[in-house]
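Enquirer: Mind looking over this structure? Questions follow.
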Amino acid sequence: MSIIYNPNKRIFTLHTRNTTYQMMIDQYGYLLHLYYGTKNNGLMDYLIMYADRGFSGNPYVAGNDRTYSLDTLPQEYPTLGTGDYRNYALNIENSDGSQCCNLQFFHYEIKKGKYSLKGLPAVWAGEDEADTLEIVLKDQVSKIEVHLLYGVLYAEDIITRSAVIKNTSENKVIIKKAAGACLDFVTGDFDVVTLYGKHAMERNVERMHVGHGTISFGSRRGTSSHQYNPGVILADRNTTEDFGSCYGMLFVYSGNFLCEVEKDQVNQTRLLMGLNDELFAYPLGVNEEFTVPEVILTYSNGGFSELSHRYHSCIRNHVCRGKYVNTARPILINSWEAAYFDFTGDTIVNLAKEAVNLGIDMVVMDDGWFGKRNDDNSSLGDWYVNEEKLGCTLSELIDKINHLGVKFGIWIEPEMVSEDSELYRNHPDWAIRIEKRDPIRSRNQLLLDFSRKEVRKYIFEQICAILDQGNIEYIKWDMNRSMADVYAGNVTYDYVLGVYDFLERLTSKYPDILIEGCSGGGGRFDAGMMYYTPQIWCSDNTDAINRTKIQYGSSFFYPVSVVGSHVSAVPNHQTGRITSLNTRGITAMAGTFGYEMNPELLCEEEKEIIREQIKTYKKYETLTNQGDYYRLSNPFCDEYSAWMFVSEDKKQALVNVVRLDVQGNMAATYIRLKGLNRESVYFDEVTGKEYAGAALMEAGMPLAFPKTEYEAYQIALTEVEAAKEL
Ligand code: GLA
């Protein structure tokens, strides 16, 4: 059992393969955090120090002991109103209007297997892969119980946390803030690493020193957002890709979130990840309970690279579900950048014909096939096939495509309504709005109130009616605006749970359909969505050079198998940049592969390159989707973007490099590889040249001098088993 309770010391210890997490019920019943870090067998209660800190509150129960203060003690789930003036995990407004919740230990339970959460996505695991610790804390006055849940995935070095808040009182209360996890550090000088961005340029990496005060980021957009991803890394100041200590928190949630990092008056650091307290005030009636979404934690003392590997494995094996998780994904061609709204059924059939010619598995009909939608100003909500535009029924179109030996996929945006739609004319009240106020428009569309069951039921029936019209094997689920008009404190949360409820029913009813998530590209690129959609369109930006940065940032938490990435036309539609097909192909191969262009416009030579590209992708697909991913450069400051994949047995590797800059009289570029067997010899599958693993990792591999800008290289290495020396 990876969870141990020491009844004498009242200490809980959670062990994973390489880490230990420890907490203690102290003499007054408060649950203190003791330690999270490298695995050890010690008891770390010796770390707790007491001192009289002026102006820090002392709980009454501590008598006249002025050295006992929750304002300075490390806690597992700090609350407002207890004399702790730092950022807090929980705030409850009681029926008398007071804001206070004084949580003390009540009872605990250790169970085999991983807990699950009602209505919310969560890490899942087999009975033998995980254990659960539930610690119940209670406020004896308000009778609020907080059930802290800890899931321990030993082999994965992952600990998950969540909390269920129960109202066992006689009165209604309001939850005004709730975090999924808190980590208190009594010592340490940290940097915080965040992923910030914007539409079409998501998940840039920023590293900041944590000084006194709070660094906070989050989303108040109703989704996890393009602007800040719900993942955070707290690292020692000298931590690098390969060395040093770092902690990660990843929120398994697709809505408003808040992450706070605070260095307090005595240089202690608190990290919190949870629901955003803005636009949130959740009423909790008598005997009701509220579940705080889960946070996935890991600790690495092997730098960011090890931390990322743990998240990749956890998401691939314990978050994503369904038959596509470990099967080859179809290579697809999508109609969006090929035709936008300007297509007929023949356009889609022609794409399918080109697909056959090139070796592409599936054609996806993107936006524009329903209602009377020929631009983005109408018809969302009217999920009826525009047969006039297609020139046939949907089932006829699908049959024609299947007949060519090509699979068919379709785009939908179920959460939306256009004002110019039958649905809106019939049910204007189904759009989210604040009474007496005009709603905020965005992309000229409104958001349907998915917190309401009847709304979800209607849309579900419409979508099923479409899916039942033929052999649809893929859905692109889009979401193209942020939430505004929050009319009540429960809406932001209930909306997200409504989306999850819809997706749960959809994936259960159609387990054979692959769903790719999307929100203007990567606006809802989070572990919550990955529970339902094992791949997500990573960005609306398909420019290969920008993509190397977007994919680099995404790789800190998310595995390549969830990253939707396509080769598009040049000049690129977002940046106007021209890059070679080779560069675009190599970049897109760091994701679930596909095309976003009209192949009819290509010459035969380009088509031949694409055929070869597809063969290469298929050849290395298992390696790229299941192997270990290493970042070999930082494209935000280096002159090249480089990454590599290494198979679990280290016998196979694929090195990828895209040059971001060229200069006259260039210095030679050597790429230092990672993750290889030091003692092994590897040969380059193309040139046949042999290299020692240690040399590749220490001296590096030289690149050919560039002849033009944005050149890219892909080098496949295979271990020469017999040879031990060159
Ligand atoms: C979003 C998506 C695009 C495309 C359009 C269609 O922007 O990210 O890929 O599907 O919507 O309107």
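Residue names in the structure tokens use chain letters A, B, ... in the order shown, residue numbers from 1 in each chain, and ligand numbers from 1 in the order shown.
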Throw together the list of residues within 7 Å of ligand 1, counting only C-alpha atoms and all ligand atoms, and drop it here as a PyMOL selection string.

Expert: chain A and resi 336+366-367+376+411+478+480+518-521+537+539-540

Enquirer: Residues at most 9 Å from Val662 of chain A, counting only C-alpha atoms, excluding those fewer than 4 positions away in the same chain, as a PyMOL selection string?

Expert: chain A and resi 639+666+706-710

Enquirer: Tell me which protein, DNA and RNA residues are within 12 Å of Tyr340 of chain A, counting only C-alpha atoms, leaving out same-chain ones fewer than 3 positions away, and put them as a list in words.

Expert: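 The contact residues come out as Asn334, Ser335, Trp336, Glu337, Phe343, Thr344, Thr347, Ile348, Met365, Asp366, Asp367, Gly368, Trp369, Arg373, Asn374, Asp375, Asp376, His573, Glu596, Met597 and Asn598 of chain A.
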
Enquirer: With a distance cut-off of 9 Å and only C-alpha atoms, select the neighbouring residues of Met1 of chain A, excluding the residue or stretch itself and same-chain residues fewer than 3 positions from it, and output the selection as a PDB file with N, CA and C atoms, in the first residue's frame.

Expert:
```pdb
ATOM      1  N   ILE A   4       0.394   5.277   4.040  1.00  0.00           N
ATOM      2  CA  ILE A   4       0.673   4.770   5.389  1.00  0.00           C
ATOM      3  C   ILE A   4       0.183   5.802   6.404  1.00  0.00           C
ATOM      4  N   HIS A  15       3.507   7.394  -0.712  1.00  0.00           N
ATOM      5  CA  HIS A  15       4.725   7.104  -1.469  1.00  0.00           C
ATOM      6  C   HIS A  15       4.386   6.795  -2.917  1.00  0.00           C
ATOM      7  N   LYS A 112      -8.361   0.946  -1.615  1.00  0.00           N
ATOM      8  CA  LYS A 112      -7.647   0.499  -2.824  1.00  0.00           C
ATOM      9  C   LYS A 112      -8.304   1.127  -4.047  1.00  0.00           C
ATOM     10  N   ALA A 130      -3.564   2.167  -8.218  1.00  0.00           N
ATOM     11  CA  ALA A 130      -3.696   3.388  -7.414  1.00  0.00           C
ATOM     12  C   ALA A 130      -4.347   3.101  -6.071  1.00  0.00           C
ATOM     13  N   ASP A 131      -4.107   3.993  -5.127  1.00  0.00           N
ATOM     14  CA  ASP A 131      -4.782   3.950  -3.827  1.00  0.00           C
ATOM     15  C   ASP A 131      -5.367   5.321  -3.541  1.00  0.00           C
TER      16      ASP A 131
END
```

Enquirer: What's the 9 Å shell around Tyr154 of chain A, counting only C-alpha atoms, without same-chain residues fewer than 4 positions away, as a PDB file with all heavy atoms, in the first residue's frame?

Expert:
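Listing of out-v2.pdb after writing:
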```pdb
ATOM      1  N   SER A   2       0.577   2.153  -0.881  1.00  0.00           N
ATOM      2  CA  SER A   2       1.411   3.346  -1.000  1.00  0.00           C
ATOM      3  C   SER A   2       0.988   4.446  -0.021  1.00  0.00           C
ATOM      4  O   SER A   2       1.572   5.520  -0.018  1.00  0.00           O
ATOM      5  CB  SER A   2       1.337   3.866  -2.430  1.00  0.00           C
ATOM      6  OG  SER A   2      -0.018   4.042  -2.779  1.00  0.00           O
ATOM      7  N   LEU A  14       2.338   9.388   1.789  1.00  0.00           N
ATOM      8  CA  LEU A  14       1.995   8.851   0.475  1.00  0.00           C
ATOM      9  C   LEU A  14       3.300   8.617  -0.268  1.00  0.00           C
ATOM     10  O   LEU A  14       4.111   9.545  -0.384  1.00  0.00           O
ATOM     11  CB  LEU A  14       1.138   9.836  -0.327  1.00  0.00           C
ATOM     12  CG  LEU A  14       0.006  10.577   0.414  1.00  0.00           C
ATOM     13  CD1 LEU A  14      -0.708  11.525  -0.549  1.00  0.00           C
ATOM     14  CD2 LEU A  14      -0.982   9.599   1.003  1.00  0.00           C
ATOM     15  N   HIS A  15       3.507   7.394  -0.712  1.00  0.00           N
ATOM     16  CA  HIS A  15       4.725   7.104  -1.469  1.00  0.00           C
ATOM     17  C   HIS A  15       4.386   6.795  -2.917  1.00  0.00           C
ATOM     18  O   HIS A  15       3.469   6.014  -3.192  1.00  0.00           O
ATOM     19  CB  HIS A  15       5.428   5.848  -0.927  1.00  0.00           C
ATOM     20  CG  HIS A  15       6.139   6.061   0.370  1.00  0.00           C
ATOM     21  ND1 HIS A  15       7.093   7.032   0.550  1.00  0.00           N
ATOM     22  CD2 HIS A  15       6.043   5.404   1.559  1.00  0.00           C
ATOM     23  CE1 HIS A  15       7.547   6.961   1.793  1.00  0.00           C
ATOM     24  NE2 HIS A  15       6.925   5.999   2.432  1.00  0.00           N
ATOM     25  N   THR A  16       5.151   7.349  -3.840  1.00  0.00           N
ATOM     26  CA  THR A  16       5.148   6.851  -5.211  1.00  0.00           C
ATOM     27  C   THR A  16       6.533   6.263  -5.440  1.00  0.00           C
ATOM     28  O   THR A  16       7.372   6.277  -4.533  1.00  0.00           O
ATOM     29  CB  THR A  16       4.848   7.970  -6.234  1.00  0.00           C
ATOM     30  OG1 THR A  16       5.961   8.853  -6.274  1.00  0.00           O
ATOM     31  CG2 THR A  16       3.578   8.723  -5.901  1.00  0.00           C
ATOM     32  N   ARG A  17       6.773   5.803  -6.651  1.00  0.00           N
ATOM     33  CA  ARG A  17       8.059   5.161  -6.924  1.00  0.00           C
ATOM     34  C   ARG A  17       9.255   6.055  -6.526  1.00  0.00           C
ATOM     35  O   ARG A  17      10.209   5.598  -5.924  1.00  0.00           O
ATOM     36  CB  ARG A  17       8.141   4.865  -8.436  1.00  0.00           C
ATOM     37  CG  ARG A  17       9.153   3.821  -8.807  1.00  0.00           C
ATOM     38  CD  ARG A  17       9.441   3.901 -10.291  1.00  0.00           C
ATOM     39  NE  ARG A  17       8.306   3.546 -11.126  1.00  0.00           N
ATOM     40  CZ  ARG A  17       8.058   2.316 -11.576  1.00  0.00           C
ATOM     41  NH1 ARG A  17       8.859   1.336 -11.267  1.00  0.00           N
ATOM     42  NH2 ARG A  17       7.021   2.089 -12.351  1.00  0.00           N
ATOM     43  N   ASN A  18       9.157   7.323  -6.818  1.00  0.00           N
ATOM     44  CA  ASN A  18      10.299   8.228  -6.564  1.00  0.00           C
ATOM     45  C   ASN A  18       9.993   9.412  -5.659  1.00  0.00           C
ATOM     46  O   ASN A  18      10.855  10.261  -5.454  1.00  0.00           O
ATOM     47  CB  ASN A  18      10.829   8.796  -7.893  1.00  0.00           C
ATOM     48  CG  ASN A  18      11.397   7.712  -8.791  1.00  0.00           C
ATOM     49  OD1 ASN A  18      12.391   7.087  -8.445  1.00  0.00           O
ATOM     50  ND2 ASN A  18      10.741   7.464  -9.913  1.00  0.00           N
ATOM     51  N   THR A  19       8.766   9.518  -5.191  1.00  0.00           N
ATOM     52  CA  THR A  19       8.437  10.707  -4.386  1.00  0.00           C
ATOM     53  C   THR A  19       7.718  10.319  -3.088  1.00  0.00           C
ATOM     54  O   THR A  19       7.147   9.235  -2.974  1.00  0.00           O
ATOM     55  CB  THR A  19       7.529  11.704  -5.150  1.00  0.00           C
ATOM     56  OG1 THR A  19       6.206  11.144  -5.268  1.00  0.00           O
ATOM     57  CG2 THR A  19       8.058  12.019  -6.533  1.00  0.00           C
ATOM     58  N   GLU A 129      -3.487  -0.177  -9.575  1.00  0.00           N
ATOM     59  CA  GLU A 129      -2.555   0.870 -10.006  1.00  0.00           C
ATOM     60  C   GLU A 129      -2.571   2.093  -9.091  1.00  0.00           C
ATOM     61  O   GLU A 129      -1.712   2.957  -9.204  1.00  0.00           O
ATOM     62  CB  GLU A 129      -2.918   1.345 -11.419  1.00  0.00           C
ATOM     63  CG  GLU A 129      -2.680   0.305 -12.497  1.00  0.00           C
ATOM     64  CD  GLU A 129      -3.173   0.783 -13.855  1.00  0.00           C
ATOM     65  OE1 GLU A 129      -4.309   1.315 -13.939  1.00  0.00           O
ATOM     66  OE2 GLU A 129      -2.428   0.625 -14.827  1.00  0.00           O
ATOM     67  N   ALA A 130      -3.564   2.167  -8.218  1.00  0.00           N
ATOM     68  CA  ALA A 130      -3.696   3.388  -7.414  1.00  0.00           C
ATOM     69  C   ALA A 130      -4.347   3.101  -6.071  1.00  0.00           C
ATOM     70  O   ALA A 130      -5.050   2.096  -5.904  1.00  0.00           O
ATOM     71  CB  ALA A 130      -4.524   4.415  -8.176  1.00  0.00           C
ATOM     72  N   ASP A 131      -4.107   3.993  -5.127  1.00  0.00           N
ATOM     73  CA  ASP A 131      -4.782   3.950  -3.827  1.00  0.00           C
ATOM     74  C   ASP A 131      -5.367   5.321  -3.541  1.00  0.00           C
ATOM     75  O   ASP A 131      -4.908   6.325  -4.088  1.00  0.00           O
ATOM     76  CB  ASP A 131      -3.779   3.588  -2.723  1.00  0.00           C
ATOM     77  CG  ASP A 131      -3.207   2.195  -2.926  1.00  0.00           C
ATOM     78  OD1 ASP A 131      -3.995   1.252  -3.070  1.00  0.00           O
ATOM     79  OD2 ASP A 131      -1.967   2.073  -2.975  1.00  0.00           O
ATOM     80  N   ILE A 158       2.603  10.014  -9.595  1.00  0.00           N
ATOM     81  CA  ILE A 158       1.543  11.023  -9.672  1.00  0.00           C
ATOM     82  C   ILE A 158       0.696  10.962  -8.405  1.00  0.00           C
ATOM     83  O   ILE A 158       0.346   9.879  -7.929  1.00  0.00           O
ATOM     84  CB  ILE A 158       0.632  10.753 -10.900  1.00  0.00           C
ATOM     85  CG1 ILE A 158       1.369  11.033 -12.208  1.00  0.00           C
ATOM     86  CG2 ILE A 158      -0.681  11.532 -10.813  1.00  0.00           C
ATOM     87  CD1 ILE A 158       1.603  12.479 -12.577  1.00  0.00           C
ATOM     88  N   ILE A 159       0.386  12.139  -7.887  1.00  0.00           N
ATOM     89  CA  ILE A 159      -0.594  12.248  -6.795  1.00  0.00           C
ATOM     90  C   ILE A 159      -1.691  13.183  -7.282  1.00  0.00           C
ATOM     91  O   ILE A 159      -1.397  14.251  -7.834  1.00  0.00           O
ATOM     92  CB  ILE A 159       0.075  12.786  -5.512  1.00  0.00           C
ATOM     93  CG1 ILE A 159       1.046  11.722  -4.962  1.00  0.00           C
ATOM     94  CG2 ILE A 159      -0.968  13.149  -4.463  1.00  0.00           C
ATOM     95  CD1 ILE A 159       1.852  12.149  -3.769  1.00  0.00           C
TER      96      ILE A 159
END
```

Enquirer: With the cut-off set at 7 Å and counting only C-alpha atoms, tabulate each residue of segment 638-722 of chain A with an atom at most that distance from an atom of segment 575-584 of chain A, showing the nearest atom pair and its distance in Å to one decimal, ordered by chain and increasing number, as JSON lines.

Expert:
```
{"residue": "A:Val658", "atom": "CA", "partner": "A:Thr583", "partner_atom": "CA", "distance": 6.7}
{"residue": "A:Tyr710", "atom": "CA", "partner": "A:Thr579", "partner_atom": "CA", "distance": 6.4}
{"residue": "A:Glu711", "atom": "CA", "partner": "A:Thr583", "partner_atom": "CA", "distance": 6.2}
{"residue": "A:Ala712", "atom": "CA", "partner": "A:Thr583", "partner_atom": "CA", "distance": 4.9}
```

Enquirer: Okay, now the selection with N, CA, C and O atoms, as a PDB file, in the first residue's frame?

Expert:
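Output contents, as saved in part01.pdb:
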```
ATOM      1  N   VAL A 658      14.040  22.233 -36.623  1.00  0.00           N
ATOM      2  CA  VAL A 658      13.587  23.263 -37.563  1.00  0.00           C
ATOM      3  C   VAL A 658      14.425  24.507 -37.295  1.00  0.00           C
ATOM      4  O   VAL A 658      14.481  24.990 -36.161  1.00  0.00           O
ATOM      5  N   TYR A 710      14.499  28.479 -42.663  1.00  0.00           N
ATOM      6  CA  TYR A 710      13.512  27.534 -42.105  1.00  0.00           C
ATOM      7  C   TYR A 710      13.716  26.094 -42.558  1.00  0.00           C
ATOM      8  O   TYR A 710      12.749  25.352 -42.712  1.00  0.00           O
ATOM      9  N   GLU A 711      14.944  25.725 -42.801  1.00  0.00           N
ATOM     10  CA  GLU A 711      15.179  24.318 -43.161  1.00  0.00           C
ATOM     11  C   GLU A 711      14.848  23.416 -41.978  1.00  0.00           C
ATOM     12  O   GLU A 711      14.988  23.806 -40.821  1.00  0.00           O
ATOM     13  N   ALA A 712      14.447  22.199 -42.305  1.00  0.00           N
ATOM     14  CA  ALA A 712      14.150  21.246 -41.229  1.00  0.00           C
ATOM     15  C   ALA A 712      14.802  19.905 -41.527  1.00  0.00           C
ATOM     16  O   ALA A 712      15.030  19.555 -42.693  1.00  0.00           O
TER      17      ALA A 712
END
```

Enquirer: Just the residues within 7 Å of Asp184 of chain A, please, counting only C-alpha atoms, with nothing from its chain fewer than 6 positions along; format it as a PDB file with all heavy atoms, in the first residue's frame.

Expert:
```pdb
ATOM      1  N   HIS A  33       0.757  20.397   6.272  1.00  0.00           N
ATOM      2  CA  HIS A  33       1.567  19.781   5.215  1.00  0.00           C
ATOM      3  C   HIS A  33       3.006  19.700   5.710  1.00  0.00           C
ATOM      4  O   HIS A  33       3.548  20.676   6.240  1.00  0.00           O
ATOM      5  CB  HIS A  33       1.503  20.647   3.948  1.00  0.00           C
ATOM      6  CG  HIS A  33       2.360  20.118   2.849  1.00  0.00           C
ATOM      7  ND1 HIS A  33       1.990  19.030   2.094  1.00  0.00           N
ATOM      8  CD2 HIS A  33       3.580  20.498   2.403  1.00  0.00           C
ATOM      9  CE1 HIS A  33       2.941  18.777   1.211  1.00  0.00           C
ATOM     10  NE2 HIS A  33       3.927  19.647   1.380  1.00  0.00           N
ATOM     11  N   PRO A  74       2.416  25.468   7.634  1.00  0.00           N
ATOM     12  CA  PRO A  74       2.083  24.902   6.314  1.00  0.00           C
ATOM     13  C   PRO A  74       0.834  24.034   6.424  1.00  0.00           C
ATOM     14  O   PRO A  74       0.745  23.165   7.288  1.00  0.00           O
ATOM     15  CB  PRO A  74       3.314  24.046   5.989  1.00  0.00           C
ATOM     16  CG  PRO A  74       3.858  23.655   7.327  1.00  0.00           C
ATOM     17  CD  PRO A  74       3.561  24.782   8.261  1.00  0.00           C
ATOM     18  N   GLN A  75      -0.138  24.300   5.556  1.00  0.00           N
ATOM     19  CA  GLN A  75      -1.412  23.575   5.683  1.00  0.00           C
ATOM     20  C   GLN A  75      -1.795  22.853   4.396  1.00  0.00           C
ATOM     21  O   GLN A  75      -1.357  23.217   3.315  1.00  0.00           O
ATOM     22  CB  GLN A  75      -2.516  24.566   6.032  1.00  0.00           C
ATOM     23  CG  GLN A  75      -2.347  25.185   7.394  1.00  0.00           C
ATOM     24  CD  GLN A  75      -3.244  26.386   7.522  1.00  0.00           C
ATOM     25  OE1 GLN A  75      -4.452  26.239   7.649  1.00  0.00           O
ATOM     26  NE2 GLN A  75      -2.679  27.568   7.457  1.00  0.00           N
ATOM     27  N   THR A 269       6.404  29.672   0.785  1.00  0.00           N
ATOM     28  CA  THR A 269       5.689  29.788  -0.492  1.00  0.00           C
ATOM     29  C   THR A 269       4.450  28.910  -0.478  1.00  0.00           C
ATOM     30  O   THR A 269       4.487  27.773  -0.001  1.00  0.00           O
ATOM     31  CB  THR A 269       6.619  29.378  -1.645  1.00  0.00           C
ATOM     32  OG1 THR A 269       7.793  30.182  -1.583  1.00  0.00           O
ATOM     33  CG2 THR A 269       5.953  29.592  -3.001  1.00  0.00           C
ATOM     34  N   ARG A 270       3.371  29.463  -1.002  1.00  0.00           N
ATOM     35  CA  ARG A 270       2.118  28.696  -1.112  1.00  0.00           C
ATOM     36  C   ARG A 270       1.699  28.674  -2.580  1.00  0.00           C
ATOM     37  O   ARG A 270       1.696  29.708  -3.248  1.00  0.00           O
ATOM     38  CB  ARG A 270       1.033  29.340  -0.257  1.00  0.00           C
ATOM     39  CG  ARG A 270      -0.352  28.729  -0.469  1.00  0.00           C
ATOM     40  CD  ARG A 270      -1.356  29.226   0.562  1.00  0.00           C
ATOM     41  NE  ARG A 270      -1.086  28.642   1.878  1.00  0.00           N
ATOM     42  CZ  ARG A 270      -1.726  28.971   3.001  1.00  0.00           C
ATOM     43  NH1 ARG A 270      -2.668  29.884   2.965  1.00  0.00           N
ATOM     44  NH2 ARG A 270      -1.415  28.390   4.143  1.00  0.00           N
ATOM     45  N   LEU A 271       1.354  27.487  -3.051  1.00  0.00           N
ATOM     46  CA  LEU A 271       0.873  27.324  -4.428  1.00  0.00           C
ATOM     47  C   LEU A 271      -0.550  26.766  -4.372  1.00  0.00           C
ATOM     48  O   LEU A 271      -0.786  25.736  -3.730  1.00  0.00           O
ATOM     49  CB  LEU A 271       1.802  26.349  -5.172  1.00  0.00           C
ATOM     50  CG  LEU A 271       1.439  25.977  -6.614  1.00  0.00           C
ATOM     51  CD1 LEU A 271       1.479  27.202  -7.519  1.00  0.00           C
ATOM     52  CD2 LEU A 271       2.420  24.925  -7.149  1.00  0.00           C
TER      53      LEU A 271
END
```

Enquirer: Please identify the helix (DSSP H, G or I) residues within segment 198-434 of chain A (assignment by DSSP from backbone atoms) and present them as a PyMOL selection string.

Expert: chain A and resi 303-318+336-339+345-358+387-390+394-403+422-426+428-430

Enquirer: Please provide as a ChimeraX atom specification all residues within 12 Å of Phe645 of chain A, with the sequence filter that same-chain residues fewer than 4 positions apart are discarded (counting only C-alpha atoms).

Expert: /A:309,559-560,589-591,620-632,649-657,673-676,714-718

Enquirer: If you keep C-alpha atoms, can you produce a file of those selected residues as a PDB file, in the first residue's frame?

Expert:
```pdb
ATOM      1  CA  HIS A 309       7.393  12.653 -18.995  1.00  0.00           C
ATOM      2  CA  PRO A 559       1.759  14.406 -24.779  1.00  0.00           C
ATOM      3  CA  VAL A 560       2.125  14.484 -28.545  1.00  0.00           C
ATOM      4  CA  MET A 589       4.529  15.070 -37.126  1.00  0.00           C
ATOM      5  CA  ALA A 590       4.885  16.204 -33.504  1.00  0.00           C
ATOM      6  CA  GLY A 591       1.150  15.704 -33.247  1.00  0.00           C
ATOM      7  CA  TYR A 620       7.225   6.377 -36.783  1.00  0.00           C
ATOM      8  CA  GLU A 621       3.720   6.865 -35.443  1.00  0.00           C
ATOM      9  CA  THR A 622       4.113   4.526 -32.484  1.00  0.00           C
ATOM     10  CA  LEU A 623       7.438   6.099 -31.613  1.00  0.00           C
ATOM     11  CA  THR A 624       6.101   9.651 -31.771  1.00  0.00           C
ATOM     12  CA  ASN A 625       2.828   8.947 -30.001  1.00  0.00           C
ATOM     13  CA  GLN A 626       4.078   6.598 -27.327  1.00  0.00           C
ATOM     14  CA  GLY A 627       7.810   7.222 -27.026  1.00  0.00           C
ATOM     15  CA  ASP A 628       9.490   9.636 -24.613  1.00  0.00           C
ATOM     16  CA  TYR A 629       9.487  13.198 -25.878  1.00  0.00           C
ATOM     17  CA  TYR A 630      12.541  15.370 -25.225  1.00  0.00           C
ATOM     18  CA  ARG A 631      12.860  19.091 -25.806  1.00  0.00           C
ATOM     19  CA  LEU A 632      16.318  19.723 -27.271  1.00  0.00           C
ATOM     20  CA  ASP A 649      13.699   0.428 -24.833  1.00  0.00           C
ATOM     21  CA  LYS A 650      15.924   3.223 -26.229  1.00  0.00           C
ATOM     22  CA  LYS A 651      16.546   1.268 -29.412  1.00  0.00           C
ATOM     23  CA  GLN A 652      14.874   3.782 -31.688  1.00  0.00           C
ATOM     24  CA  ALA A 653      14.936   7.555 -31.805  1.00  0.00           C
ATOM     25  CA  LEU A 654      13.663  10.275 -34.108  1.00  0.00           C
ATOM     26  CA  VAL A 655      15.385  13.661 -33.968  1.00  0.00           C
ATOM     27  CA  ASN A 656      13.601  16.703 -35.402  1.00  0.00           C
ATOM     28  CA  VAL A 657      15.059  20.145 -35.997  1.00  0.00           C
ATOM     29  CA  LEU A 673      20.551  14.480 -28.011  1.00  0.00           C
ATOM     30  CA  LYS A 674      18.873  13.067 -24.928  1.00  0.00           C
ATOM     31  CA  GLY A 675      17.481   9.847 -23.569  1.00  0.00           C
ATOM     32  CA  LEU A 676      19.720   7.462 -25.538  1.00  0.00           C
ATOM     33  CA  GLN A 714      14.552  14.602 -39.357  1.00  0.00           C
ATOM     34  CA  ILE A 715      17.083  11.979 -38.330  1.00  0.00           C
ATOM     35  CA  ALA A 716      16.023   8.447 -37.493  1.00  0.00           C
ATOM     36  CA  LEU A 717      18.457   6.538 -35.304  1.00  0.00           C
ATOM     37  CA  THR A 718      18.440   2.847 -34.535  1.00  0.00           C
TER      38      THR A 718
END
```

Enquirer: Mind checking DSSP for segment 254-378 of chain A and telling me the strand (DSSP E) residues as a count of residues only?

Expert: 36

Enquirer: Considering only C-alpha atoms, can you say which of A:Asp449, A:Asp157, A:Glu454, A:Glu109 comes closest to His312 of chain A?

Expert: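 Closest to His312 of chain A, using only C-alpha atoms: A:Asp157.
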
Enquirer: Find the distance between atom CA of Ala179 of chain A and atom CA of Arg321 of chain A and write it in Å to one decimal.

Expert: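 About the pair atom CA of Ala179 of chain A and atom CA of Arg321 of chain A: they are 25.4 Å apart.
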